[in-house]
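Engineer: Got a structure for you, questions after.
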Amino acid sequence: MTHRLVIAAIQANPTVGAIAANEKLARERMAQAHAGGADIALFSELFLTGYPPEDLALKPALWAAGKAAVERLALSTKDSCAALVGLIWPADGPGRRPRNALAFLADGVVQGVAFKCDLPNYGVFDEKRVFEPGEGPSVFEWKGVKLGVPVCEDIWAPGVCADLKAQGAEILLVPNGSPFRRLADAERMSVATARVAETGLPMVYVNEVGGQDELVFDGGSFALSASGEVVMRLPMFEEAAANTVWEKGDGGVWACVEAPMAEWVSGPEEVYRAMVLGLRDYVNKSGFPGVLLGLSGGVDSAIVAVVAADALGPDRVRCFMLPSRYTSQDSLDDAAGCAQRLGVRLDEIAISPAVDAFAGMLTPHFENRAPDLTEENIQARTRGLALMALSNKLGSMLLTTGNKSEMAVGYATLYGDMCGGYNVLKDVYKTQVYEVCAWRNANDPYGVAASPIPERILTKAPSAELRPDQKDQDSLPEYAELDAILHGLVEEEATLDEIVARGHAPETVERVQRLLYNSEYKRRQAAPGVKIGPRAFGRDRRYPIVNGFRDAVTR
């Protein structure tokens with residue numbers, strides 16, 4: 001029986017469905033861990049398959065490919081360290097669902113398989129739809145040490161870890177697929193600390209890192225001593241691996257004697273890094289050569305351009321200014337200034353000829369009705385048509401730039417400024433946009449450009465510039481008030497009375513609620529985007545389009 005165990009925490013970036021690539025990545029990380037003296041390598045949840053697989057998990061062909069890959073990986077452990085690798089385990093028979101599994105590989109074979117017991121079915125998770133739960137947790141023994149292996153959700157309630165303790169587990173090794181949301185790291189730490197306190201067992205918690213559709217996995221893997229002290233931290237939003245050295249004391253308790261302690265980010269920085277990682281992986285894993293976007297001279301398109309340059313490099317970002325007769329000289333100059341600071345190419349395409357052509361086509365059929373929102377939307381849709389044509393021709397993905405405040409109240413044009421394949425601001429309120437811009441102007445984390453956003457972009461009144469002297473606040477409450485009301489309605493599901501009690505006018509709160517509900521049909525057609533908060537549209541908040549309910553203020 002050993003009194004020293006080296007556990008490699010592998011915080012890596014798999015791709016959903018890319019089993020061959022994930023197998024190769026696992027093999028490389030195992031070899032690195034072994035070279036560093038590791039006895040066993042711990043990977044994140046469903047590493048071979050990628051997480052979350054959604055309904056891809058129901059394909060028998062995927063099960064077979066994953067099982068073959070894990071058997072090949074097991075063979076490599078003849079000359080390498082042991083490993084705990086996640087995959088989808090085939091269903092037991094007709095009509096049965098597969099299971100979320102963790103395979104123990106050692107001495108050239110699959111020594112055993114553990115199954116996730118508690119399947120999450122809330123928020124972005126719907127594992128009960130595709131998986132069957134394990135009947136009970138498993139303990140694996142390696143080099144005389146009993147290792148308890150709860151999988152992700154298994155540690156969010158006491159039962160599984162208590163069962164592992166009863167089975168004789170000495171250390172808890174926890175693979176996770178826990179997506180980013182603000183304050184998630186504190187929640188994870190609280191849960192993990194509670195399980196350690198209940199069992200008296202140390203824990204190694206390994207989380208996935210990388211982007212998958214609208215989710216970003218932020219890494220932030222850690223280890224806790226038997227007393228709950230943090231003894232290891234891996235960085236957030238980047239791949240990492242660490243060999244942690246554990247020794248068994250006279251009382252039979254394992255203690256970590258060597259491990260790295262990275263600093264974790266917070267506030268606007270974590271939001272910004274999540275946007276960068278989410279966009280980078282969405283573009284690269286989808287195989288796009290780059291991105292393009294309309295750079296209007298406003299704050300939203302400016303920060304999207306900056307995120308794109310940081311994520312992909314300026315040479316893979318192309319911007320277009322599409323002025324109309326209402327575009328101000330300030331907007332032209334600000335867009336040019338931002339592009340110059342970033343080092344991205346900016347081209348100008350005037351939309352007036354196309355707008356005039358549409359007017360000529362449609363005016364005879366408008367029955368002499370006065371100009372209204374229709375003409376504004378024609379401008380937005382002309383821009384959308386032009387940008388989509390450029391995307392088709394050049395092969396780069398179009399980024400859309402609407403923020404969560406706009407998407408919430410429908411301050412966006414379907415088939416116009418909503419055109420695009422991805423939106424890094426989809427879950428970022430307007431007030432947060434300014435916070436992130438201020439942070440990025442003060443910091444250059446990727447070495448691309450210092451202070452990339454001209455100051456005037458941050459100080460001028462927001463405007464769609466679709467009519468003379470237009471300002472966003474002509475149609476909406478001030479963004480500080482709008483975001484406060486929306487936070488109550490969306491993130492908290494607060495009643496209108498509760499929101500009014502916070503100091504907002506009843507008629508304003510009722511109007512925002514009306515706009516929110518009436519815009520659901522637009523959001524259903526919106527581009528995917530990075531989940532930032534606890535209630536992202538689409539992934540978390542799923543409201544019916546046809547909805548007759550309206551809350552009312554008590555008067």
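Chain labels A, B, ... are given in the sequence in which chains occur in the structure tokens; within each chain residues are numbered consecutively from 1, and ligands are likewise numbered from 1 in the order shown.
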Skipping near chain neighbours, those fewer than 2 positions away, what residues fall within 10 Å of stretch 42-46 of chain A using only C-alpha atoms, listed as number ranges by chain?

Structural biologist: A: 7-14, 16, 26, 29-30, 33, 40, 48-53, 66, 82-89, 100-104, 116, 149, 151-152, 173-178, 204-209, 219, 221, 241

Engineer: Which residues are near A:Leu482? Cut-off 9 Å, only C-alpha atoms, ignore same chain within fewer than 3 positions. Put them as a list in words.

Structural biologist: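 Within the cut-off, the hits are Ser405, Leu476, Pro477, Glu478, Tyr479, Ile485, Leu486, His487, Thr508, Val509 and Val512 of chain A.
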
Engineer: Residues of the last selection are to be written out with all heavy atoms, as a PDB file, in the first residue's frame.

Structural biologist:
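Below you can see part-v9.pdb, which holds the result:
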```pdb
ATOM      1  N   SER A 405     -30.287  43.656 -23.090  1.00  0.00           N
ATOM      2  CA  SER A 405     -31.339  44.646 -22.851  1.00  0.00           C
ATOM      3  C   SER A 405     -32.185  44.823 -24.106  1.00  0.00           C
ATOM      4  O   SER A 405     -33.427  44.848 -24.043  1.00  0.00           O
ATOM      5  CB  SER A 405     -30.715  45.994 -22.449  1.00  0.00           C
ATOM      6  OG  SER A 405     -29.840  45.844 -21.362  1.00  0.00           O
ATOM      7  N   LEU A 476     -36.999  53.894 -25.125  1.00  0.00           N
ATOM      8  CA  LEU A 476     -36.792  53.033 -23.960  1.00  0.00           C
ATOM      9  C   LEU A 476     -36.491  53.866 -22.725  1.00  0.00           C
ATOM     10  O   LEU A 476     -36.016  55.007 -22.837  1.00  0.00           O
ATOM     11  CB  LEU A 476     -35.600  52.083 -24.217  1.00  0.00           C
ATOM     12  CG  LEU A 476     -35.693  51.132 -25.404  1.00  0.00           C
ATOM     13  CD1 LEU A 476     -34.364  50.414 -25.585  1.00  0.00           C
ATOM     14  CD2 LEU A 476     -36.819  50.133 -25.204  1.00  0.00           C
ATOM     15  N   PRO A 477     -36.726  53.300 -21.526  1.00  0.00           N
ATOM     16  CA  PRO A 477     -36.246  53.967 -20.316  1.00  0.00           C
ATOM     17  C   PRO A 477     -34.721  54.067 -20.346  1.00  0.00           C
ATOM     18  O   PRO A 477     -34.051  53.378 -21.128  1.00  0.00           O
ATOM     19  CB  PRO A 477     -36.711  53.035 -19.185  1.00  0.00           C
ATOM     20  CG  PRO A 477     -37.773  52.183 -19.792  1.00  0.00           C
ATOM     21  CD  PRO A 477     -37.432  52.044 -21.242  1.00  0.00           C
ATOM     22  N   GLU A 478     -34.165  54.914 -19.509  1.00  0.00           N
ATOM     23  CA  GLU A 478     -32.711  54.943 -19.367  1.00  0.00           C
ATOM     24  C   GLU A 478     -32.220  53.528 -19.060  1.00  0.00           C
ATOM     25  O   GLU A 478     -32.869  52.778 -18.322  1.00  0.00           O
ATOM     26  CB  GLU A 478     -32.302  55.894 -18.245  1.00  0.00           C
ATOM     27  CG  GLU A 478     -32.568  57.363 -18.533  1.00  0.00           C
ATOM     28  CD  GLU A 478     -31.654  57.932 -19.608  1.00  0.00           C
ATOM     29  OE1 GLU A 478     -30.555  57.376 -19.814  1.00  0.00           O
ATOM     30  OE2 GLU A 478     -32.049  58.927 -20.247  1.00  0.00           O
ATOM     31  N   TYR A 479     -31.065  53.177 -19.623  1.00  0.00           N
ATOM     32  CA  TYR A 479     -30.619  51.784 -19.515  1.00  0.00           C
ATOM     33  C   TYR A 479     -30.416  51.326 -18.075  1.00  0.00           C
ATOM     34  O   TYR A 479     -30.652  50.157 -17.750  1.00  0.00           O
ATOM     35  CB  TYR A 479     -29.347  51.572 -20.333  1.00  0.00           C
ATOM     36  CG  TYR A 479     -29.639  51.338 -21.801  1.00  0.00           C
ATOM     37  CD1 TYR A 479     -29.212  52.237 -22.770  1.00  0.00           C
ATOM     38  CD2 TYR A 479     -30.364  50.220 -22.209  1.00  0.00           C
ATOM     39  CE1 TYR A 479     -29.485  52.026 -24.125  1.00  0.00           C
ATOM     40  CE2 TYR A 479     -30.641  49.993 -23.554  1.00  0.00           C
ATOM     41  CZ  TYR A 479     -30.196  50.904 -24.509  1.00  0.00           C
ATOM     42  OH  TYR A 479     -30.480  50.687 -25.833  1.00  0.00           O
ATOM     43  N   ILE A 485     -35.080  46.814 -14.011  1.00  0.00           N
ATOM     44  CA  ILE A 485     -36.406  46.203 -14.150  1.00  0.00           C
ATOM     45  C   ILE A 485     -36.300  44.840 -14.807  1.00  0.00           C
ATOM     46  O   ILE A 485     -36.919  43.858 -14.360  1.00  0.00           O
ATOM     47  CB  ILE A 485     -37.340  47.130 -14.957  1.00  0.00           C
ATOM     48  CG1 ILE A 485     -37.596  48.420 -14.187  1.00  0.00           C
ATOM     49  CG2 ILE A 485     -38.657  46.427 -15.272  1.00  0.00           C
ATOM     50  CD1 ILE A 485     -38.316  49.486 -14.999  1.00  0.00           C
ATOM     51  N   LEU A 486     -35.493  44.753 -15.865  1.00  0.00           N
ATOM     52  CA  LEU A 486     -35.328  43.474 -16.553  1.00  0.00           C
ATOM     53  C   LEU A 486     -34.697  42.423 -15.644  1.00  0.00           C
ATOM     54  O   LEU A 486     -35.069  41.247 -15.693  1.00  0.00           O
ATOM     55  CB  LEU A 486     -34.479  43.662 -17.807  1.00  0.00           C
ATOM     56  CG  LEU A 486     -35.157  44.372 -18.978  1.00  0.00           C
ATOM     57  CD1 LEU A 486     -34.155  44.671 -20.079  1.00  0.00           C
ATOM     58  CD2 LEU A 486     -36.308  43.518 -19.522  1.00  0.00           C
ATOM     59  N   HIS A 487     -33.750  42.839 -14.834  1.00  0.00           N
ATOM     60  CA  HIS A 487     -33.135  41.882 -13.910  1.00  0.00           C
ATOM     61  C   HIS A 487     -34.191  41.293 -12.982  1.00  0.00           C
ATOM     62  O   HIS A 487     -34.208  40.080 -12.717  1.00  0.00           O
ATOM     63  CB  HIS A 487     -32.033  42.556 -13.098  1.00  0.00           C
ATOM     64  CG  HIS A 487     -31.167  41.589 -12.348  1.00  0.00           C
ATOM     65  ND1 HIS A 487     -31.537  41.040 -11.137  1.00  0.00           N
ATOM     66  CD2 HIS A 487     -29.961  41.036 -12.658  1.00  0.00           C
ATOM     67  CE1 HIS A 487     -30.592  40.219 -10.716  1.00  0.00           C
ATOM     68  NE2 HIS A 487     -29.631  40.190 -11.622  1.00  0.00           N
ATOM     69  N   THR A 508     -44.041  52.218 -16.063  1.00  0.00           N
ATOM     70  CA  THR A 508     -42.786  51.817 -16.717  1.00  0.00           C
ATOM     71  C   THR A 508     -42.560  50.324 -16.571  1.00  0.00           C
ATOM     72  O   THR A 508     -42.171  49.639 -17.525  1.00  0.00           O
ATOM     73  CB  THR A 508     -41.595  52.590 -16.112  1.00  0.00           C
ATOM     74  OG1 THR A 508     -41.817  53.994 -16.258  1.00  0.00           O
ATOM     75  CG2 THR A 508     -40.298  52.210 -16.805  1.00  0.00           C
ATOM     76  N   VAL A 509     -42.819  49.810 -15.385  1.00  0.00           N
ATOM     77  CA  VAL A 509     -42.632  48.376 -15.147  1.00  0.00           C
ATOM     78  C   VAL A 509     -43.600  47.561 -16.002  1.00  0.00           C
ATOM     79  O   VAL A 509     -43.230  46.552 -16.609  1.00  0.00           O
ATOM     80  CB  VAL A 509     -42.808  48.049 -13.651  1.00  0.00           C
ATOM     81  CG1 VAL A 509     -42.713  46.548 -13.413  1.00  0.00           C
ATOM     82  CG2 VAL A 509     -41.751  48.783 -12.829  1.00  0.00           C
ATOM     83  N   VAL A 512     -42.371  47.598 -19.656  1.00  0.00           N
ATOM     84  CA  VAL A 512     -41.220  46.727 -19.885  1.00  0.00           C
ATOM     85  C   VAL A 512     -41.666  45.263 -19.904  1.00  0.00           C
ATOM     86  O   VAL A 512     -41.206  44.472 -20.736  1.00  0.00           O
ATOM     87  CB  VAL A 512     -40.130  46.969 -18.822  1.00  0.00           C
ATOM     88  CG1 VAL A 512     -39.025  45.924 -18.942  1.00  0.00           C
ATOM     89  CG2 VAL A 512     -39.543  48.374 -18.974  1.00  0.00           C
TER      90      VAL A 512
END
```

Engineer: Could you check which of A:Ala501, A:Leu496, A:Val191, A:Ala412 is closest to A:Leu373, using only C-alpha atoms?

Structural biologist: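 Using only C-alpha atoms, A:Leu373 sits closest to A:Ala412.
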
Engineer: Measuring between only C-alpha atoms, which one of A:Tyr282, A:Phe217, A:Trp156, A:Tyr446 shows the shortest distance to A:Ala192?

Structural biologist: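 Smallest separation from A:Ala192 among the options: A:Trp156.
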
Engineer: Could you go through stretch 283-500 of chain A and tell me which residues DSSP, when run on the backbone, assigns to strand (DSSP E or B), listing them as a PyMOL selection string?

Structural biologist: chain A and resi 291-294+317-321+345-348+397-399+422-423

Engineer: Create the file for the chosen residues now, containing N, CA and C atoms and written as a PDB file, in the first residue's frame.

Structural biologist:
```
ATOM      1  N   VAL A 291     -14.358  35.937 -38.962  1.00  0.00           N
ATOM      2  CA  VAL A 291     -15.663  36.554 -38.738  1.00  0.00           C
ATOM      3  C   VAL A 291     -15.689  37.922 -39.405  1.00  0.00           C
ATOM      4  N   LEU A 292     -16.906  38.408 -39.621  1.00  0.00           N
ATOM      5  CA  LEU A 292     -17.095  39.785 -40.057  1.00  0.00           C
ATOM      6  C   LEU A 292     -18.270  40.379 -39.287  1.00  0.00           C
ATOM      7  N   LEU A 293     -18.334  41.692 -39.243  1.00  0.00           N
ATOM      8  CA  LEU A 293     -19.428  42.359 -38.543  1.00  0.00           C
ATOM      9  C   LEU A 293     -19.575  43.777 -39.053  1.00  0.00           C
ATOM     10  N   GLY A 294     -20.756  44.326 -38.807  1.00  0.00           N
ATOM     11  CA  GLY A 294     -20.993  45.728 -39.085  1.00  0.00           C
ATOM     12  C   GLY A 294     -20.498  46.567 -37.930  1.00  0.00           C
ATOM     13  N   VAL A 317     -10.538  39.039 -38.625  1.00  0.00           N
ATOM     14  CA  VAL A 317     -11.719  39.875 -38.362  1.00  0.00           C
ATOM     15  C   VAL A 317     -11.815  40.939 -39.448  1.00  0.00           C
ATOM     16  N   ARG A 318     -12.989  41.052 -40.031  1.00  0.00           N
ATOM     17  CA  ARG A 318     -13.200  42.078 -41.055  1.00  0.00           C
ATOM     18  C   ARG A 318     -14.459  42.864 -40.705  1.00  0.00           C
ATOM     19  N   CYS A 319     -14.351  44.190 -40.755  1.00  0.00           N
ATOM     20  CA  CYS A 319     -15.460  45.050 -40.362  1.00  0.00           C
ATOM     21  C   CYS A 319     -15.954  45.875 -41.547  1.00  0.00           C
ATOM     22  N   PHE A 320     -17.243  46.186 -41.499  1.00  0.00           N
ATOM     23  CA  PHE A 320     -17.867  46.994 -42.535  1.00  0.00           C
ATOM     24  C   PHE A 320     -18.702  48.094 -41.892  1.00  0.00           C
ATOM     25  N   MET A 321     -18.501  49.299 -42.352  1.00  0.00           N
ATOM     26  CA  MET A 321     -19.365  50.420 -41.977  1.00  0.00           C
ATOM     27  C   MET A 321     -20.372  50.583 -43.105  1.00  0.00           C
ATOM     28  N   ARG A 345      -9.330  45.270 -40.679  1.00  0.00           N
ATOM     29  CA  ARG A 345      -9.720  45.927 -41.926  1.00  0.00           C
ATOM     30  C   ARG A 345     -11.149  46.455 -41.811  1.00  0.00           C
ATOM     31  N   LEU A 346     -11.349  47.690 -42.273  1.00  0.00           N
ATOM     32  CA  LEU A 346     -12.670  48.307 -42.277  1.00  0.00           C
ATOM     33  C   LEU A 346     -12.967  48.821 -43.676  1.00  0.00           C
ATOM     34  N   ASP A 347     -14.077  48.385 -44.245  1.00  0.00           N
ATOM     35  CA  ASP A 347     -14.542  48.863 -45.546  1.00  0.00           C
ATOM     36  C   ASP A 347     -15.882  49.558 -45.366  1.00  0.00           C
ATOM     37  N   GLU A 348     -16.180  50.499 -46.251  1.00  0.00           N
ATOM     38  CA  GLU A 348     -17.426  51.254 -46.177  1.00  0.00           C
ATOM     39  C   GLU A 348     -18.316  50.930 -47.370  1.00  0.00           C
ATOM     40  N   MET A 397     -17.970  33.997 -40.774  1.00  0.00           N
ATOM     41  CA  MET A 397     -19.242  34.029 -40.063  1.00  0.00           C
ATOM     42  C   MET A 397     -19.577  35.452 -39.649  1.00  0.00           C
ATOM     43  N   LEU A 398     -20.837  35.821 -39.838  1.00  0.00           N
ATOM     44  CA  LEU A 398     -21.302  37.150 -39.425  1.00  0.00           C
ATOM     45  C   LEU A 398     -21.634  37.144 -37.943  1.00  0.00           C
ATOM     46  N   LEU A 399     -21.101  38.129 -37.237  1.00  0.00           N
ATOM     47  CA  LEU A 399     -21.433  38.325 -35.830  1.00  0.00           C
ATOM     48  C   LEU A 399     -22.539  39.366 -35.717  1.00  0.00           C
ATOM     49  N   TYR A 422     -23.608  34.244 -34.555  1.00  0.00           N
ATOM     50  CA  TYR A 422     -23.250  34.172 -33.139  1.00  0.00           C
ATOM     51  C   TYR A 422     -23.297  35.570 -32.554  1.00  0.00           C
ATOM     52  N   ASN A 423     -23.583  35.644 -31.247  1.00  0.00           N
ATOM     53  CA  ASN A 423     -23.708  36.931 -30.572  1.00  0.00           C
ATOM     54  C   ASN A 423     -23.059  36.852 -29.199  1.00  0.00           C
TER      55      ASN A 423
END
```

Engineer: Of the residues A:Asp310, A:Asp300, A:Glu170, A:Asp444, which is the one nearest to A:Trp254, using only C-alpha atoms?

Structural biologist: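 For A:Trp254, the nearest of the candidates is A:Glu170.
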
Engineer: From a DSSP pass on the backbone, collect the residues of stretch 373-454 of chain A flagged as alpha helix (DSSP H) and hand them back as a PyMOL selection string.

Structural biologist: chain A and resi 373-394+404-409+430-442

Engineer: With only C-alpha atoms as the atoms that count, which of A:Arg539, A:Lys522, A:Arg316, A:His3 lies nearest to A:Trp142?

Structural biologist: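 The shortest atom-to-atom distance to A:Trp142 comes from A:His3.
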
Engineer: Applying 10 Å and only C-alpha atoms, which residues near A:Arg514 remain after dropping the ones on its own chain fewer than 6 positions away? List them as a list in words.

Structural biologist: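 Everything that qualifies: Val409, Thr508, Arg550 and Asp551 of chain A.
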
Engineer: Can you list, as a list in words, every protein, DNA or RNA residue that comes within 7 Å of A:Pro268 when you count only C-alpha atoms, leaving out same-chain residues fewer than 2 positions away?

Structural biologist: Ser266, Glu270, Val271, Tyr272, Glu435, Val436 and Trp439 of chain A

Engineer: For A:Arg96, list every protein, DNA or RNA residue within 9 Å, evaluated using only C-alpha atoms, and leave out those in the same chain fewer than 5 positions away; present the list as a VMD selection string.

Structural biologist: chain A and resid 91 131 to 132
